[in-house]
Each structure stands twice: as C-alpha cells, then as structure tokens.
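Notes to accompany the following structure.
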Amino acid sequence: MNKMKVPAPPHGPVPWQKEFALSMLADMLRIRRMEERAAELYGQQKIRGFLHLYIGEEAVAAGALRALNADDNVVATYREHGHALLRGLTMDAIMAEMFGRQGGCSRGRGGSMHLFDRARRFFGGQGIVGGGLPLTAGLALADKLSKRQALSACFFGEGAMAEGAFHEAVNLAALWQLPVLFCCENNLYAMGTALARSESQTDLCVKAASYGVDVMTVDGMDVVAVHEAMHFGAQKVRDGSGPMFVELRTYRFRAHSMFDPDLYRAKQEIEAWKTRGPIHTYTARLKAQGLLSEDEFLALDAAAVAEVEAAVAFAEGSDWEPVENLLRDVHTSAEPAVASAAAAGAA
C-alpha cells in the first residue's frame with residue numbers, strides 16, 4: 001500500500017474573474033458527469049472493451065488545456081476523455097466513439113482508448129503505456145524544422161516513466177531543444193502498483209531533470225495551481241528555452257479500468273483523497289469569495305447532465321459501420337510516389 005500522507009485540501013483565493021472561474025468549474029463538471037455516465041453505460045454493456053475513467057483527476061485536464069493554444073499539439077493516454085472534451089471534440093463524437101458507432105471521432109474504430117481529431121490537433125488516445133511520448137517528440141521536431149510556432153503537450157502517467165520511450169523522448173527533446181511540455185499525471189499507482197514498488201527513484205522531477213530539462217511539481221487536485229503552472233510552463237517553452245517537465249500530483253477515485261478489482265489500495269486511503277476532490281474544494285473556494293451561488297452551481301451541473309444525455313442519445317442513434325467498409329483505410333490502391341516516379345523513369 002502507498003504510505004504517502006494525504007496533503008491538506010486545496011485552499012486559498014481564486015485569482016480569476018468570475019466568468020473564467022466558472023468556466024473552469026463547468027469544464028470539470030462536464031468531465032465528471034460524462035465519466036459517471038460512461039461507467040453506467042459500461043455496466044449496461046453499451047460501451048465495450050476497455051474503459052479508463054478520469055474521475056478525481058479533472059483539475060489536470062481543465063487547468064492544463066486552457067493554458068494551450070489551438071495551434072498546439074496535444075497527445076494523451078488511454079485515460080483521455082477529459083482531455084479530448086476540453087480540447088474541443090464534441091461530447092457527441094466522444095460518446096459515439098465509446099459506443100463504437102460511425103458518428104464517433106474515429107468512426108467507431110478506436111473506442112474509448114483512441115479518441116482522435118486532427119483538425120483540433122488532438123493526436124490520441126494512445127493504448128500503449130508511454131506510446132505517446134516519442135510521437136510528441138516527432139510532432140515537435142516537425143514543427144521546429146518547418147518553423148511552425150507551436151508547442152506539443154504530452155500527457156502520460158508516472159508508470160510511463162519506467163518505459164524506455166520516456167527516456168528516449170526526453171533525451172532527444174533536450175538534445176534538440178524541442179518545444180515539448182511533458183505533463184506527467186502522477187496518480188501514484190500506474191495500473192495497480194504503487195510508485196515505490198516499481199521505481200527506485202520516486203522523485204519524478206529528479207529523473208526528468210537528469211536530462212537537463214526544467215522541471216516543476218504541481219498539486220494536480222487544484223485547478224488554479226494547475227492552470228497557473230501550465231501557463232508558466234507553456235510560455236517558457238514558447239520562449240525557446242527547450243522542453244519542460246511538469247509533475248501533476250493527482251489521484252483517481254475509481255479503479256485503473258472497469259476490469260480492475262482495485263485491491264492494491266485501502267478504501268480509507270481513497271476516502272481520504274476524496275476530501276481533496278477538485279470539484280467540491282474548488283466550489284467551496286468560489287462560494288467563499290462570493291463568485292458562485294448554489295443556484296449557479298446547480299445550473300452548471302444541470303447543463304453538464306443535459307449535455308451528457310444528449311450525447312448518449314446521439315450515440316444510440318448513430319449507425320454501426322457497414323460490414324463492407326471494414327477494410328476501409330486498411331489498404332490503399334495508390335502506389336507510393338517514389339515507386340511511381342521510378343516506373344515512369346524506366347519507361
């Protein structure tokens with residue numbers, strides 16, 4: 001079991017104007033209600049395959065995504081529903097994708113773990129632990145070579161830091177001074193093993209700093225701290241100082257996936273972490289400052305629930321892909337450009 005002491009709940013003033021402050025709360029509520037509904041639908045077997053919920057970690061996606069620009073690249077893990085939603089993918093497209101329907105953002109072929117939207121520069125949804133790290137370095141390298149002014153943000157769990165892909169990606173990003181924001185969502189247990197049981201160096205910033213990149217640790221349960229830190233980090237990367245590593249210390253309230261019996265941590269620990277829940281602690285801070293009334297909270301929550309139910313209706317009404325389309329995008333009839341050019345020269 002993880003013996004780490006649970007920190008005190010996030011507190012202190014919210015330094016934002018009311019409109020922006022409430023938009024952050026709305027973002028977290030949209031993720032929470034969507035994830036709760038997805039769990040119910042999974043129990044009804046309307047969502048199949050793997051399903052990894054983000055409940056408890058909403059402050060990371062909410063705080064981070066609003067610190068990025070529309071031109072930036074975003075790469076996430078298989079626990080990516082919240083990132084996709086706040087990146088601008090519609091809840092309809094996300095829900096239909098989880099249903100495996102054609103109306104999904106990947107036409108139902110990717111499912112929960114493989115949300116994708118090129119137009120919004122959201123490049124997954126990666127099912128392989130650490131799989132998004134080298135992809136992010138590649139996107140950043142392409143941008144640098146083409147002189148495109150953007151950064152690439154990669155979200156991954158602490159378990160990925162034991163993978164070779166992490167070390168390779170950070171090493172090359174540091175060597176080539178690539179505009180990458182490495183965002184480690186440290187929820188303490190990777191898939192089901194406490195950090196201290198899997199990695200000899202549990203100070204993740206020490207590991208990242210060994211490659212010569214700037215590092216920062218943030219309370220990932222505090223949406224204010226996340227946004228301020230990510231805004232600072234993003235600006236630093238944009239200014240040309242090379243990649244940066246941000247450790248976001250968070251905690252998932254649900255099991256790793258819907259198949260996980262969650263026997264590796266004490267129920268008392270989960271309940272203790274729930275006192276740090278990002279939605280209710282942030283709500284309390286807003287109310288204490290007079291930025292939020294109970295009626296306003298209920299209205300935001302009702303809007304989130306309504307959006308979820310509309311998305312479920314859209315998913316249920318979306319068609320299955322026809323059998324005759326199953327080989328679509330598997331093969332191509334077009335010859336590679338190089339081969340075509342060679343053939344023309346021979347003629």
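By convention in this document, the chains of the structure tokens carry letters A, B, ... by their order, each chain's residues are numbered from 1, and ligands are numbered from 1 in the order they are shown.
If you count only C-alpha atoms and ignore residues fewer than 3 places along the chain from segment 42-49 of chain A, what sits within 7 Å of it is Ala38, Ala39, Met98 and Phe99 of chain A.
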Residues just named, written with N, CA, C and O atoms as a CSV table (one decimal), in the first residue's frame:
chain,number,residue,atom,x,y,z
A,38,ALA,N,-20.6,7.2,-18.4
A,38,ALA,CA,-19.9,6.2,-19.2
A,38,ALA,C,-19.8,4.9,-18.3
A,38,ALA,O,-19.9,3.8,-18.8
A,39,ALA,N,-19.5,5.1,-17.0
A,39,ALA,CA,-19.5,3.9,-16.1
A,39,ALA,C,-20.8,3.2,-16.1
A,39,ALA,O,-20.8,1.9,-16.2
A,98,MET,N,-17.1,5.8,-28.0
A,98,MET,CA,-17.1,4.8,-27.0
A,98,MET,C,-18.2,3.7,-27.3
A,98,MET,O,-18.0,2.6,-26.9
A,99,PHE,N,-19.2,4.1,-28.0
A,99,PHE,CA,-20.3,3.1,-28.4
A,99,PHE,C,-19.8,2.3,-29.6
A,99,PHE,O,-20.5,1.3,-29.9
Residues of segment 190-256 of chain A that approach segment 277-291 of chain A to 9 Å or less, counting only C-alpha atoms: could you list each one with the shortest pair of atoms and its distance in Å to one decimal, rows by chain and increasing residue number, as CSV?
residue,atom,partner,partner_atom,distance
A:Gly220,CA,A:Pro278,CA,8.5
A:Met221,CA,A:Pro278,CA,5.1
A:Asp222,CA,A:Pro278,CA,5.9
A:Val223,CA,A:Pro278,CA,6.9
A:Val224,CA,A:Tyr282,CA,8.5
A:Tyr251,CA,A:Gly277,CA,8.9
A:Phe253,CA,A:Gly277,CA,8.9
Export, as an mmCIF file, in the first residue's frame, the selected residues with N, CA, C and O atoms.
data_model
loop_
_atom_site.group_PDB
_atom_site.id
_atom_site.type_symbol
_atom_site.label_atom_id
_atom_site.label_comp_id
_atom_site.auth_asym_id
_atom_site.auth_seq_id
_atom_site.Cartn_x
_atom_site.Cartn_y
_atom_site.Cartn_z
ATOM 1 N N GLY A 220 -1.956 18.538 -8.538
ATOM 2 C CA GLY A 220 -2.878 18.252 -9.618
ATOM 3 C C GLY A 220 -4.334 18.180 -9.214
ATOM 4 O O GLY A 220 -5.212 17.980 -10.066
ATOM 5 N N MET A 221 -4.622 18.344 -7.926
ATOM 6 C CA MET A 221 -6.013 18.375 -7.465
ATOM 7 C C MET A 221 -6.531 19.813 -7.349
ATOM 8 O O MET A 221 -7.684 20.031 -6.986
ATOM 9 N N ASP A 222 -5.687 20.762 -7.653
ATOM 10 C CA ASP A 222 -6.017 22.184 -7.529
ATOM 11 C C ASP A 222 -6.007 22.801 -8.927
ATOM 12 O O ASP A 222 -4.953 23.021 -9.523
ATOM 13 N N VAL A 223 -7.179 23.080 -9.483
ATOM 14 C CA VAL A 223 -7.266 23.576 -10.844
ATOM 15 C C VAL A 223 -6.577 24.923 -11.003
ATOM 16 O O VAL A 223 -6.024 25.234 -12.070
ATOM 17 N N VAL A 224 -6.554 25.726 -9.943
ATOM 18 C CA VAL A 224 -5.867 27.018 -10.005
ATOM 19 C C VAL A 224 -4.365 26.803 -10.143
ATOM 20 O O VAL A 224 -3.709 27.395 -11.013
ATOM 21 N N TYR A 251 -4.919 12.013 -8.234
ATOM 22 C CA TYR A 251 -5.384 10.742 -7.683
ATOM 23 C C TYR A 251 -6.688 10.369 -8.361
ATOM 24 O O TYR A 251 -7.599 11.194 -8.456
ATOM 25 N N PHE A 253 -10.164 8.372 -8.325
ATOM 26 C CA PHE A 253 -11.069 7.824 -7.318
ATOM 27 C C PHE A 253 -11.599 6.455 -7.713
ATOM 28 O O PHE A 253 -12.034 5.683 -6.858
#
Of the candidates A:Ala234, A:Leu326, A:Met113, A:Leu188, which shows the shortest atom-to-atom distance to Tyr264 of chain A, using only C-alpha atoms? A:Leu188
Residues near Leu115 of chain A, cut-off 9 Å, only C-alpha atoms, skip fewer than 3 positions along chain, as a short mmCIF file (atom, residue, chain, number, x, y, z; two decimals) with N, CA and C atoms, in the first residue's frame:
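Printed below is around_35.cif as written:
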data_model
loop_
_atom_site.label_atom_id
_atom_site.label_comp_id
_atom_site.auth_asym_id
_atom_site.auth_seq_id
_atom_site.Cartn_x
_atom_site.Cartn_y
_atom_site.Cartn_z
N TYR A 78 -4.62 6.53 -22.73
CA TYR A 78 -5.93 5.90 -22.88
C TYR A 78 -6.95 6.44 -21.89
N GLU A 80 -8.20 9.49 -21.66
CA GLU A 80 -8.11 10.77 -22.36
C GLU A 80 -9.44 11.46 -22.64
N HIS A 81 -10.55 10.91 -22.14
CA HIS A 81 -11.85 11.50 -22.47
C HIS A 81 -11.92 12.98 -22.10
N ALA A 84 -9.81 15.20 -24.42
CA ALA A 84 -10.45 15.34 -25.73
C ALA A 84 -11.62 16.32 -25.66
N ILE A 94 -17.41 11.95 -28.87
CA ILE A 94 -16.71 11.12 -27.89
C ILE A 94 -17.59 9.95 -27.46
N GLU A 97 -18.04 7.40 -30.17
CA GLU A 97 -16.81 6.60 -30.32
C GLU A 97 -16.75 5.51 -29.27
N MET A 98 -17.11 5.84 -28.03
CA MET A 98 -17.12 4.82 -26.99
C MET A 98 -18.16 3.74 -27.26
N GLY A 104 -18.71 8.51 -34.18
CA GLY A 104 -17.60 8.80 -33.29
C GLY A 104 -16.46 9.52 -33.99
N CYS A 105 -15.58 10.12 -33.21
CA CYS A 105 -14.48 10.91 -33.77
C CYS A 105 -13.50 10.06 -34.57
N SER A 106 -13.46 8.76 -34.32
CA SER A 106 -12.63 7.84 -35.11
C SER A 106 -13.51 6.84 -35.85
N GLY A 110 -11.85 3.27 -32.98
CA GLY A 110 -10.85 3.39 -31.92
C GLY A 110 -11.39 3.07 -30.54
N GLY A 111 -12.64 3.45 -30.30
CA GLY A 111 -13.22 3.24 -28.99
C GLY A 111 -12.65 4.18 -27.95
N SER A 112 -12.88 3.84 -26.70
CA SER A 112 -12.51 4.71 -25.58
C SER A 112 -11.05 5.12 -25.57
N PHE A 122 -5.54 17.04 -31.89
CA PHE A 122 -5.59 16.10 -30.77
C PHE A 122 -5.21 14.73 -31.31
N PHE A 123 -3.98 14.30 -31.01
CA PHE A 123 -3.41 13.10 -31.61
C PHE A 123 -3.45 11.91 -30.64
N GLY A 124 -4.66 11.59 -30.18
CA GLY A 124 -4.82 10.40 -29.32
C GLY A 124 -4.66 10.71 -27.87
N GLY A 125 -5.22 9.80 -27.20
CA GLY A 125 -5.64 8.43 -27.23
C GLY A 125 -4.55 7.43 -27.65
N GLN A 126 -3.63 7.03 -26.74
CA GLN A 126 -2.63 6.01 -27.03
C GLN A 126 -2.85 4.82 -26.09
#
Residues at most 6 Å from Asp72 of chain A, counting only C-alpha atoms, excluding those fewer than 2 positions away in the same chain, as a PDB file with C-alpha atoms, in the first residue's frame?
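For reference, out-v7.pdb as written:
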ATOM      1  CA  ASN A  69      -3.348  27.370 -27.865  1.00  0.00           C
ATOM      2  CA  ALA A  70      -5.469  25.984 -30.687  1.00  0.00           C
ATOM      3  CA  ALA A 150       3.550  25.839 -31.618  1.00  0.00           C
ATOM      4  CA  LEU A 151       4.342  23.534 -28.742  1.00  0.00           C
ATOM      5  CA  SER A 152       3.497  19.873 -28.234  1.00  0.00           C
TER       6      SER A 152
END
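Inside segment 65-97 of chain A, the residues DSSP reads as alpha helix (DSSP H) when given the backbone are Leu65, His81, Gly82, His83, Ala84, Leu85, Leu86, Arg87, Met91, Asp92, Ala93, Ile94, Met95, Ala96 and Glu97 of chain A.
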Those residues you just picked out, can you put them in a file as a PDB file, in the first residue's frame with N, CA and C atoms?
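Result saved to result_29.pdb:
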ATOM      1  N   LEU A  65      -5.543  22.339 -20.284  1.00  0.00           N
ATOM      2  CA  LEU A  65      -5.986  22.583 -21.661  1.00  0.00           C
ATOM      3  C   LEU A  65      -6.243  24.055 -21.933  1.00  0.00           C
ATOM      4  N   HIS A  81     -10.553  10.913 -22.139  1.00  0.00           N
ATOM      5  CA  HIS A  81     -11.852  11.501 -22.468  1.00  0.00           C
ATOM      6  C   HIS A  81     -11.920  12.980 -22.097  1.00  0.00           C
ATOM      7  N   GLY A  82     -11.428  13.319 -20.896  1.00  0.00           N
ATOM      8  CA  GLY A  82     -11.494  14.708 -20.436  1.00  0.00           C
ATOM      9  C   GLY A  82     -10.641  15.625 -21.280  1.00  0.00           C
ATOM     10  N   HIS A  83      -9.443  15.166 -21.653  1.00  0.00           N
ATOM     11  CA  HIS A  83      -8.570  15.988 -22.489  1.00  0.00           C
ATOM     12  C   HIS A  83      -9.230  16.251 -23.844  1.00  0.00           C
ATOM     13  N   ALA A  84      -9.807  15.199 -24.425  1.00  0.00           N
ATOM     14  CA  ALA A  84     -10.451  15.345 -25.733  1.00  0.00           C
ATOM     15  C   ALA A  84     -11.618  16.322 -25.660  1.00  0.00           C
ATOM     16  N   LEU A  85     -12.435  16.183 -24.627  1.00  0.00           N
ATOM     17  CA  LEU A  85     -13.604  17.051 -24.481  1.00  0.00           C
ATOM     18  C   LEU A  85     -13.199  18.512 -24.383  1.00  0.00           C
ATOM     19  N   LEU A  86     -12.210  18.804 -23.551  1.00  0.00           N
ATOM     20  CA  LEU A  86     -11.812  20.191 -23.354  1.00  0.00           C
ATOM     21  C   LEU A  86     -10.930  20.714 -24.473  1.00  0.00           C
ATOM     22  N   ARG A  87     -10.440  19.809 -25.303  1.00  0.00           N
ATOM     23  CA  ARG A  87      -9.696  20.247 -26.488  1.00  0.00           C
ATOM     24  C   ARG A  87     -10.658  20.717 -27.569  1.00  0.00           C
ATOM     25  N   MET A  91     -18.975  16.243 -27.211  1.00  0.00           N
ATOM     26  CA  MET A  91     -19.324  15.099 -26.381  1.00  0.00           C
ATOM     27  C   MET A  91     -20.074  14.063 -27.206  1.00  0.00           C
ATOM     28  N   ASP A  92     -20.816  14.506 -28.219  1.00  0.00           N
ATOM     29  CA  ASP A  92     -21.490  13.573 -29.111  1.00  0.00           C
ATOM     30  C   ASP A  92     -20.483  12.633 -29.769  1.00  0.00           C
ATOM     31  N   ALA A  93     -19.417  13.209 -30.327  1.00  0.00           N
ATOM     32  CA  ALA A  93     -18.413  12.417 -31.038  1.00  0.00           C
ATOM     33  C   ALA A  93     -17.665  11.485 -30.097  1.00  0.00           C
ATOM     34  N   ILE A  94     -17.409  11.949 -28.874  1.00  0.00           N
ATOM     35  CA  ILE A  94     -16.710  11.118 -27.890  1.00  0.00           C
ATOM     36  C   ILE A  94     -17.586   9.951 -27.461  1.00  0.00           C
ATOM     37  N   MET A  95     -18.833  10.234 -27.143  1.00  0.00           N
ATOM     38  CA  MET A  95     -19.735   9.177 -26.685  1.00  0.00           C
ATOM     39  C   MET A  95     -19.992   8.160 -27.790  1.00  0.00           C
ATOM     40  N   ALA A  96     -20.205   8.626 -29.009  1.00  0.00           N
ATOM     41  CA  ALA A  96     -20.430   7.707 -30.121  1.00  0.00           C
ATOM     42  C   ALA A  96     -19.200   6.839 -30.370  1.00  0.00           C
ATOM     43  N   GLU A  97     -18.037   7.399 -30.166  1.00  0.00           N
ATOM     44  CA  GLU A  97     -16.813   6.603 -30.323  1.00  0.00           C
ATOM     45  C   GLU A  97     -16.749   5.509 -29.266  1.00  0.00           C
TER      46      GLU A  97
END
Pick out the residues sitting within 9 Å of segment 206-213 of chain A, and hand them over as a VMD selection string; count only C-alpha atoms, and ignore anything fewer than 2 positions along from it in its own chain. chain A and resid 161 167 170 to 171 173 to 175 201 to 204 215 242 to 245
With only C-alpha atoms as the counted atoms, please give the residues lying no more than 12 Å from Leu292 of chain A, apart from itself and same-chain residues fewer than 5 positions off, as a JSON list (two decimals) with all heavy atoms, in the first residue's frame.
[["chain", "number", "residue", "atom", "x", "y", "z"],
["A", 14, "VAL", "N", -9.14, 32.31, -5.33],
["A", 14, "VAL", "CA", -9.11, 32.03, -6.76],
["A", 14, "VAL", "C", -8.83, 33.35, -7.47],
["A", 14, "VAL", "O", -9.62, 34.29, -7.35],
["A", 14, "VAL", "CB", -10.46, 31.44, -7.23],
["A", 14, "VAL", "CG1", -10.47, 31.27, -8.74],
["A", 14, "VAL", "CG2", -10.74, 30.12, -6.52],
["A", 17, "GLN", "N", -11.31, 36.32, -12.71],
["A", 17, "GLN", "CA", -12.63, 36.96, -12.82],
["A", 17, "GLN", "C", -13.71, 35.88, -12.83],
["A", 17, "GLN", "O", -13.45, 34.72, -13.19],
["A", 17, "GLN", "CB", -12.71, 37.80, -14.09],
["A", 17, "GLN", "CG", -11.76, 38.98, -14.11],
["A", 17, "GLN", "CD", -12.06, 40.00, -13.02],
["A", 17, "GLN", "OE1", -13.23, 40.34, -12.79],
["A", 17, "GLN", "NE2", -11.03, 40.48, -12.35],
["A", 18, "LYS", "N", -14.92, 36.26, -12.48],
["A", 18, "LYS", "CA", -16.00, 35.29, -12.29],
["A", 18, "LYS", "C", -16.25, 34.44, -13.54],
["A", 18, "LYS", "O", -16.40, 33.21, -13.44],
["A", 18, "LYS", "CB", -17.28, 36.00, -11.88],
["A", 18, "LYS", "CG", -18.46, 35.06, -11.67],
["A", 18, "LYS", "CD", -19.66, 35.76, -11.07],
["A", 18, "LYS", "CE", -20.80, 34.77, -10.84],
["A", 18, "LYS", "NZ", -21.94, 35.40, -10.12],
["A", 19, "GLU", "N", -16.30, 35.05, -14.71],
["A", 19, "GLU", "CA", -16.62, 34.30, -15.92],
["A", 19, "GLU", "C", -15.61, 33.18, -16.16],
["A", 19, "GLU", "O", -15.98, 32.03, -16.45],
["A", 19, "GLU", "CB", -16.67, 35.24, -17.13],
["A", 19, "GLU", "CG", -17.04, 34.53, -18.43],
["A", 19, "GLU", "CD", -17.11, 35.48, -19.61],
["A", 19, "GLU", "OE1", -16.90, 36.70, -19.42],
["A", 19, "GLU", "OE2", -17.35, 35.00, -20.74],
["A", 20, "PHE", "N", -14.33, 33.50, -16.06],
["A", 20, "PHE", "CA", -13.30, 32.50, -16.28],
["A", 20, "PHE", "C", -13.32, 31.45, -15.17],
["A", 20, "PHE", "O", -13.18, 30.24, -15.43],
["A", 20, "PHE", "CB", -11.92, 33.16, -16.35],
["A", 20, "PHE", "CG", -10.82, 32.21, -16.73],
["A", 20, "PHE", "CD1", -10.65, 31.81, -18.05],
["A", 20, "PHE", "CD2", -9.94, 31.72, -15.76],
["A", 20, "PHE", "CE1", -9.63, 30.93, -18.40],
["A", 20, "PHE", "CE2", -8.93, 30.84, -16.11],
["A", 20, "PHE", "CZ", -8.76, 30.45, -17.45],
["A", 21, "ALA", "N", -13.51, 31.90, -13.95],
["A", 21, "ALA", "CA", -13.54, 30.98, -12.81],
["A", 21, "ALA", "C", -14.67, 29.96, -12.96],
["A", 21, "ALA", "O", -14.47, 28.76, -12.70],
["A", 21, "ALA", "CB", -13.69, 31.76, -11.50],
["A", 22, "LEU", "N", -15.83, 30.42, -13.38],
["A", 22, "LEU", "CA", -16.97, 29.50, -13.54],
["A", 22, "LEU", "C", -16.79, 28.59, -14.75],
["A", 22, "LEU", "O", -17.29, 27.45, -14.76],
["A", 22, "LEU", "CB", -18.28, 30.28, -13.64],
["A", 22, "LEU", "CG", -18.70, 31.08, -12.41],
["A", 22, "LEU", "CD1", -20.15, 31.53, -12.54],
["A", 22, "LEU", "CD2", -18.51, 30.29, -11.13],
["A", 23, "SER", "N", -16.08, 29.06, -15.76],
["A", 23, "SER", "CA", -15.84, 28.21, -16.92],
["A", 23, "SER", "C", -14.96, 27.03, -16.54],
["A", 23, "SER", "O", -15.13, 25.92, -17.08],
["A", 23, "SER", "CB", -15.19, 29.01, -18.06],
["A", 23, "SER", "OG", -13.86, 29.38, -17.74],
["A", 25, "LEU", "N", -14.99, 25.58, -13.56],
["A", 25, "LEU", "CA", -15.87, 24.68, -12.85],
["A", 25, "LEU", "C", -16.75, 23.91, -13.84],
["A", 25, "LEU", "O", -16.95, 22.69, -13.70],
["A", 25, "LEU", "CB", -16.74, 25.47, -11.87],
["A", 25, "LEU", "CG", -17.79, 24.66, -11.09],
["A", 25, "LEU", "CD1", -17.15, 23.55, -10.28],
["A", 25, "LEU", "CD2", -18.61, 25.59, -10.19],
["A", 26, "ALA", "N", -17.25, 24.60, -14.84],
["A", 26, "ALA", "CA", -18.08, 23.94, -15.85],
["A", 26, "ALA", "C", -17.30, 22.85, -16.58],
["A", 26, "ALA", "O", -17.83, 21.77, -16.85],
["A", 26, "ALA", "CB", -18.60, 24.98, -16.85],
["A", 282, "TYR", "N", -12.86, 23.28, -5.07],
["A", 282, "TYR", "CA", -12.88, 24.50, -5.88],
["A", 282, "TYR", "C", -14.21, 25.22, -5.71],
["A", 282, "TYR", "O", -14.25, 26.46, -5.58],
["A", 282, "TYR", "CB", -12.63, 24.14, -7.34],
["A", 282, "TYR", "CG", -12.58, 25.31, -8.28],
["A", 282, "TYR", "CD1", -11.59, 26.29, -8.16],
["A", 282, "TYR", "CD2", -13.51, 25.44, -9.31],
["A", 282, "TYR", "CE1", -11.53, 27.36, -9.05],
["A", 282, "TYR", "CE2", -13.46, 26.50, -10.20],
["A", 282, "TYR", "CZ", -12.47, 27.46, -10.06],
["A", 282, "TYR", "OH", -12.41, 28.52, -10.93],
["A", 283, "THR", "N", -15.29, 24.46, -5.68],
["A", 283, "THR", "CA", -16.62, 25.05, -5.48],
["A", 283, "THR", "C", -16.69, 25.80, -4.15],
["A", 283, "THR", "O", -17.22, 26.92, -4.07],
["A", 283, "THR", "CB", -17.70, 23.96, -5.51],
["A", 283, "THR", "OG1", -17.71, 23.34, -6.80],
["A", 283, "THR", "CG2", -19.08, 24.54, -5.23],
["A", 284, "ALA", "N", -16.14, 25.20, -3.11],
["A", 284, "ALA", "CA", -16.14, 25.84, -1.79],
["A", 284, "ALA", "C", -15.35, 27.14, -1.81],
["A", 284, "ALA", "O", -15.76, 28.15, -1.20],
["A", 284, "ALA", "CB", -15.55, 24.88, -0.75],
["A", 285, "ARG", "N", -14.24, 27.17, -2.51],
["A", 285, "ARG", "CA", -13.43, 28.39, -2.60],
["A", 285, "ARG", "C", -14.18, 29.49, -3.34],
["A", 285, "ARG", "O", -14.15, 30.66, -2.95],
["A", 285, "ARG", "CB", -12.11, 28.07, -3.30],
["A", 285, "ARG", "CG", -11.20, 27.16, -2.50],
["A", 285, "ARG", "CD", -10.12, 26.51, -3.34],
["A", 285, "ARG", "NE", -9.09, 27.45, -3.76],
["A", 285, "ARG", "CZ", -8.07, 27.11, -4.57],
["A", 285, "ARG", "NH1", -7.99, 25.88, -5.05],
["A", 285, "ARG", "NH2", -7.15, 28.00, -4.88],
["A", 286, "LEU", "N", -14.86, 29.12, -4.42],
["A", 286, "LEU", "CA", -15.62, 30.11, -5.18],
["A", 286, "LEU", "C", -16.75, 30.69, -4.35],
["A", 286, "LEU", "O", -17.00, 31.91, -4.36],
["A", 286, "LEU", "CB", -16.18, 29.48, -6.45],
["A", 286, "LEU", "CG", -15.18, 29.06, -7.53],
["A", 286, "LEU", "CD1", -15.91, 28.38, -8.69],
["A", 286, "LEU", "CD2", -14.39, 30.26, -8.04],
["A", 287, "LYS", "N", -17.44, 29.83, -3.61],
["A", 287, "LYS", "CA", -18.55, 30.31, -2.77],
["A", 287, "LYS", "C", -18.03, 31.21, -1.66],
["A", 287, "LYS", "O", -18.68, 32.22, -1.32],
["A", 287, "LYS", "CB", -19.31, 29.12, -2.18],
["A", 287, "LYS", "CG", -20.15, 28.37, -3.21],
["A", 287, "LYS", "CD", -20.92, 27.22, -2.56],
["A", 287, "LYS", "CE", -21.85, 26.54, -3.55],
["A", 287, "LYS", "NZ", -22.58, 25.40, -2.93],
["A", 297, "PHE", "N", -24.28, 26.98, -9.22],
["A", 297, "PHE", "CA", -23.66, 25.65, -9.28],
["A", 297, "PHE", "C", -24.65, 24.64, -9.85],
["A", 297, "PHE", "O", -24.29, 23.84, -10.73],
["A", 297, "PHE", "CB", -23.20, 25.20, -7.90],
["A", 297, "PHE", "CG", -22.72, 23.77, -7.88],
["A", 297, "PHE", "CD1", -21.42, 23.47, -8.27],
["A", 297, "PHE", "CD2", -23.57, 22.74, -7.51],
["A", 297, "PHE", "CE1", -20.98, 22.14, -8.28],
["A", 297, "PHE", "CE2", -23.14, 21.42, -7.53],
["A", 297, "PHE", "CZ", -21.84, 21.12, -7.91],
["A", 298, "LEU", "N", -25.88, 24.66, -9.37],
["A", 298, "LEU", "CA", -26.88, 23.71, -9.83],
["A", 298, "LEU", "C", -27.18, 23.89, -11.31],
["A", 298, "LEU", "O", -27.42, 22.91, -12.04],
["A", 298, "LEU", "CB", -28.16, 23.85, -9.01],
["A", 298, "LEU", "CG", -28.05, 23.44, -7.53],
["A", 298, "LEU", "CD1", -29.34, 23.76, -6.80],
["A", 298, "LEU", "CD2", -27.71, 21.95, -7.41],
["A", 299, "ALA", "N", -27.14, 25.13, -11.78],
["A", 299, "ALA", "CA", -27.38, 25.40, -13.20],
["A", 299, "ALA", "C", -26.25, 24.84, -14.06],
["A", 299, "ALA", "O", -26.49, 24.25, -15.12],
["A", 299, "ALA", "CB", -27.53, 26.90, -13.43],
["A", 300, "LEU", "N", -25.01, 25.02, -13.61],
["A", 300, "LEU", "CA", -23.86, 24.48, -14.34],
["A", 300, "LEU", "C", -23.91, 22.95, -14.37],
["A", 300, "LEU", "O", -23.64, 22.32, -15.40],
["A", 300, "LEU", "CB", -22.55, 24.94, -13.70],
["A", 300, "LEU", "CG", -22.20, 26.42, -13.84],
["A", 300, "LEU", "CD1", -20.96, 26.74, -13.01],
["A", 300, "LEU", "CD2", -21.97, 26.78, -15.30]]
Pairwise distance, atom CA of Arg238 of chain A with atom CA of Met216 of chain A, equals 16.3 Å
Closest of A:Arg33, A:Arg252, A:Arg109, A:Arg276 to Pro7 of chain A - atom-to-atom distances counting only C-alpha atoms: A:Arg276
For atom CA of Met230 of chain A and atom CA of Glu36 of chain A, determine how far apart the two atoms are, in Å to one decimal place. 26.7 Å
As a PyMOL selection string, please: the residues near Ala8 of chain A (cut-off 10 Å, only C-alpha atoms, same-chain neighbours under 6 positions excluded). chain A and resi 272-273+275-276
Let me make sure I understand: among A:Val6, A:Met24, A:Leu327, A:Ile31, which one has the smallest atom-to-atom distance to Asp219 of chain A if we use only C-alpha atoms? A:Val6
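The interatomic distance for the pair atom CA of Leu178 of chain A and atom CA of Thr250 of chain A works out to 26.5 Å.
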Please return, as a PyMOL selection string, all residues of segment 68-288 of chain A that DSSP assigns to strand (DSSP E or B) on the basis of the backbone. chain A and resi 73-75+117+122+152-157+180-186+214-219+244-249
